[in-house]
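A short worksheet on the structure shown next.
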Amino acid sequence: MFNPQLNQDGKLKHLLTIEGLPKAIITQILDTAESFVGVAEREVKKVPLLRGKTVCNIFFENSTRTRTTFEIAAKRLSADVINLNVNTSSQSKGETILDTIDNLTAMHADMFVVRHAQSGAAHLIAKHVAPHIHVVNAGDGRHAHPTQGLLDVFTVRRYKPDMHNLRVAIVGDVLHSRVARSEIHALTTLGVPEVRVIAPKTLLPTDVEKLGVHVYHDMREGLKDVDVIMMLRLQNERMVGAMLPSAQEYFKSYGLTQEKLALARPDAIVMHPGPMNRGVEIDSAVADGKQSVILPQVTYGIAVRMAVMSILAGNA
Amino acid sequence: MSKINITLPDAELLLATLAEKLKPIVTPETALVGIHSGGAWITERLLPMLGTEVKHGMLDSSFYRDDYNQRGLHADTKPSQIPFEVKDRHIILIDDVFYTGRTIRAAMNELFDYGRPASITLAVLINRGGRELPIAPQIFAMQMDLPKHLNLQLLREEDGSFYLTLEEND
């Protein structure tokens with residue numbers, strides 16, 4: 001099957017989605033990221049791989065953490081980095097996405113890191129760019145957020161190396177979540193035998209079972225004996241109409257508290273892609289608790305993004 | 001690649017020779033740094049011969065190679081491990097075969113990102129000639145001039161013992 005992310009030799013050229021990505025490539029990214037974790041602990045945290053290359057972070061939708069970690073990652077690879085928040089720039093003057101890309105290409109950009117509210121935006125750009133240019137999807141609509149999915153499985157693998165013997169629960173607004181989709185594809189490709197999603201019916205896509213997950217509507221039931229809990233942010237700003245009674249009601253049923261966490265395995269880890277709504281999907285005591293690996297996720301995000309960019313830029 | 005009919009030295013004897021040559025310069029201020037993968041294997045074997053107290057580490061140097069733009073990132077990068085302070089230390093870099101000097105250049109660049117060493121000495125099993133940079137090993141167990149079309153490699157048996165292979169590049 002044609003995969004627009006791979007070049008003729010089957011090597012990764014763009015990173016657009018984890019769906020359909022061969023296990024060997026995911027493993028290569030995670031193993032390479034392992035080397036970059038060590039680089040971040042040295043006196044000099046930079047390596048010269050992308051010296052002379054220009055990386056453009058184009059964010060058509062706001063993000064602080066993702067943009068910042070991509071920027072740090074590119075800088076630690078010695079690339080020159082340009083950040084563009086397009087909603088405050090040319091697009092408000094009427095320029096199309098592809099015109100923006102062409103102009104940046106004329107300025108000799110080598111890689112685009114793109115976030116856009118429309119699903120498929122990164123694919124569109126990858127199809128359009130010249131052959132020597134690489135595209136990384138930093139989140140497109142409800143579709144995919146591959147580097148988040150990769151950093152999440154990287155975090156899981158670091159704390160729970162035996163991926164073939166794990167129970168993982170993804171909790172919350174799966175319907176609007178590109179993160180959930182990317183996590184599910186990454187976990188199942190790496191051979192995690194049991195992935196559960198826990199959410200009210202109104203926050204689940206209709207075909208969610210087709211992704212190979214077990215569905216739970218009762219959080220207490222779904223958390224029983226899991227090794228990993230991946231919380232999702234309740235996407236307030238995308239909530240149109242009355243999908244939920246109120247944030248308080250949601251917290252009662254689907255918020256992660258100490259008491260609900262106790263139903264999981266005693267050594268279970270708690271993850272969250274950020275930004276957190278404390279008191280809505282997660283209680284502060286859990287977010288700041290011993291089982292939380294939410295801040296290590298952020299740290300690993302840099303290493304994983306360095307791995308993705310250095311693998312892409314090396315593949316013609 | 002096809003096999004060549006040249007008698008190769010016994011890699012285990014070369015290892016013993018290298019250990020003898022290193023003994024006088026290994027002090028509490030030195031550290032052995034093996035280059036992935038052959039140099040790291042040799043370092044592992046040298047430790048009991050030199051005293052296991054010797055500080056040691058491993059460099060992969062994939063992130064510093066000068067062929068990244070031609071060949072991309074190596075598929076199996078290993079995390080470098082330097083579990084000691086590099087600053088002011090006398091480093092002995094260990095590799096299996098010294099050839100063009102490009103791997104050593106990459107390894108030295110990486111090493112300096114950990115700190116400023118007092119000195120770096122290069123020790124290898126075999127110096128095969130053919131250097132392309134002003135870099136050469138100070139210590140080697142054997143010199144063996146080989147033409148460019150031959151590929152000399154150190155390999156490991158299942159029991160950990162070393163042997164050499166020589167093949168013709170296509």
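Note on naming: chains are A, B, ... as they come in the structure tokens, residues start from 1 per chain, ligands start from 1 in the order shown.
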
Would you please give, as a ChimeraX atom specification, all residues of region 142-300 of chain A that DSSP assigns to alpha helix (DSSP H) based on the backbone?
-> /A:146-159,178-189,219-223,247-254,258-261,284-287,294-300

Give one line per residue of region 61-117 of chain B that approaches region 33-39 of chain B to at most 7 Å, naming the two atoms of the closest pair and their distance in Å to one decimal, counting only C-alpha atoms; sort by chain then ascending residue number and deliver it as JSON lines.
{"residue": "B:Ile91", "atom": "CA", "partner": "B:Val33", "partner_atom": "CA", "distance": 6.9}
{"residue": "B:Ile92", "atom": "CA", "partner": "B:Val33", "partner_atom": "CA", "distance": 6.1}
{"residue": "B:Leu93", "atom": "CA", "partner": "B:Val33", "partner_atom": "CA", "distance": 4.9}
{"residue": "B:Ile94", "atom": "CA", "partner": "B:Gly34", "partner_atom": "CA", "distance": 4.6}
{"residue": "B:Asp95", "atom": "CA", "partner": "B:Gly39", "partner_atom": "CA", "distance": 3.8}
{"residue": "B:Asp96", "atom": "CA", "partner": "B:Gly39", "partner_atom": "CA", "distance": 5.2}

Can you build me a table of chain A residues sitting at most 9 Å from chain B, with the closest atom pair per residue and its distance in Å to one decimal, using only C-alpha atoms, sorted by chain and residue number, as a tab-separated table?
residue	atom	partner	partner_atom	distance
A:Gln28	CA	B:Ala75	CA	6.6
A:Asp31	CA	B:Thr77	CA	7.2
A:Thr32	CA	B:Thr77	CA	5.9
A:Ala33	CA	B:Pro79	CA	8.9
A:Glu34	CA	B:Pro79	CA	6.4
A:Ser35	CA	B:Pro79	CA	3.9
A:Phe36	CA	B:Pro79	CA	7.3
A:Val37	CA	B:Pro79	CA	8.2
A:Gly38	CA	B:Pro79	CA	6.5
A:Val39	CA	B:Ser80	CA	8.2
A:Arg42	CA	B:Tyr114	CA	5.7
A:Glu43	CA	B:Tyr114	CA	5.4
A:Val44	CA	B:Asp113	CA	4.9
A:Lys45	CA	B:Asp113	CA	7.6
A:Lys46	CA	B:Asp113	CA	8.0
A:Val47	CA	B:Phe63	CA	6.2
A:Pro48	CA	B:Tyr64	CA	6.2
A:Leu49	CA	B:Phe63	CA	5.9
A:Leu77	CA	B:Phe63	CA	8.9
A:Ser310	CA	B:Leu73	CA	6.9
A:Ile311	CA	B:Leu73	CA	5.8
A:Leu312	CA	B:Gly72	CA	8.3
A:Ala313	CA	B:Gly72	CA	7.4
A:Gly314	CA	B:Gly72	CA	3.6
A:Asn315	CA	B:Gly72	CA	5.4
A:Ala316	CA	B:Gly72	CA	8.0

Mind checking DSSP for chain B and telling me the strand (DSSP E) residues as a count of residues only?
-> 50

Work out how far CA of His145 (chain A) is from CA of Leu30 (chain A), in Å to one decimal.
->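 Atom-to-atom, CA of Leu30 (chain A) to CA of His145 (chain A), that is 16.0 Å.
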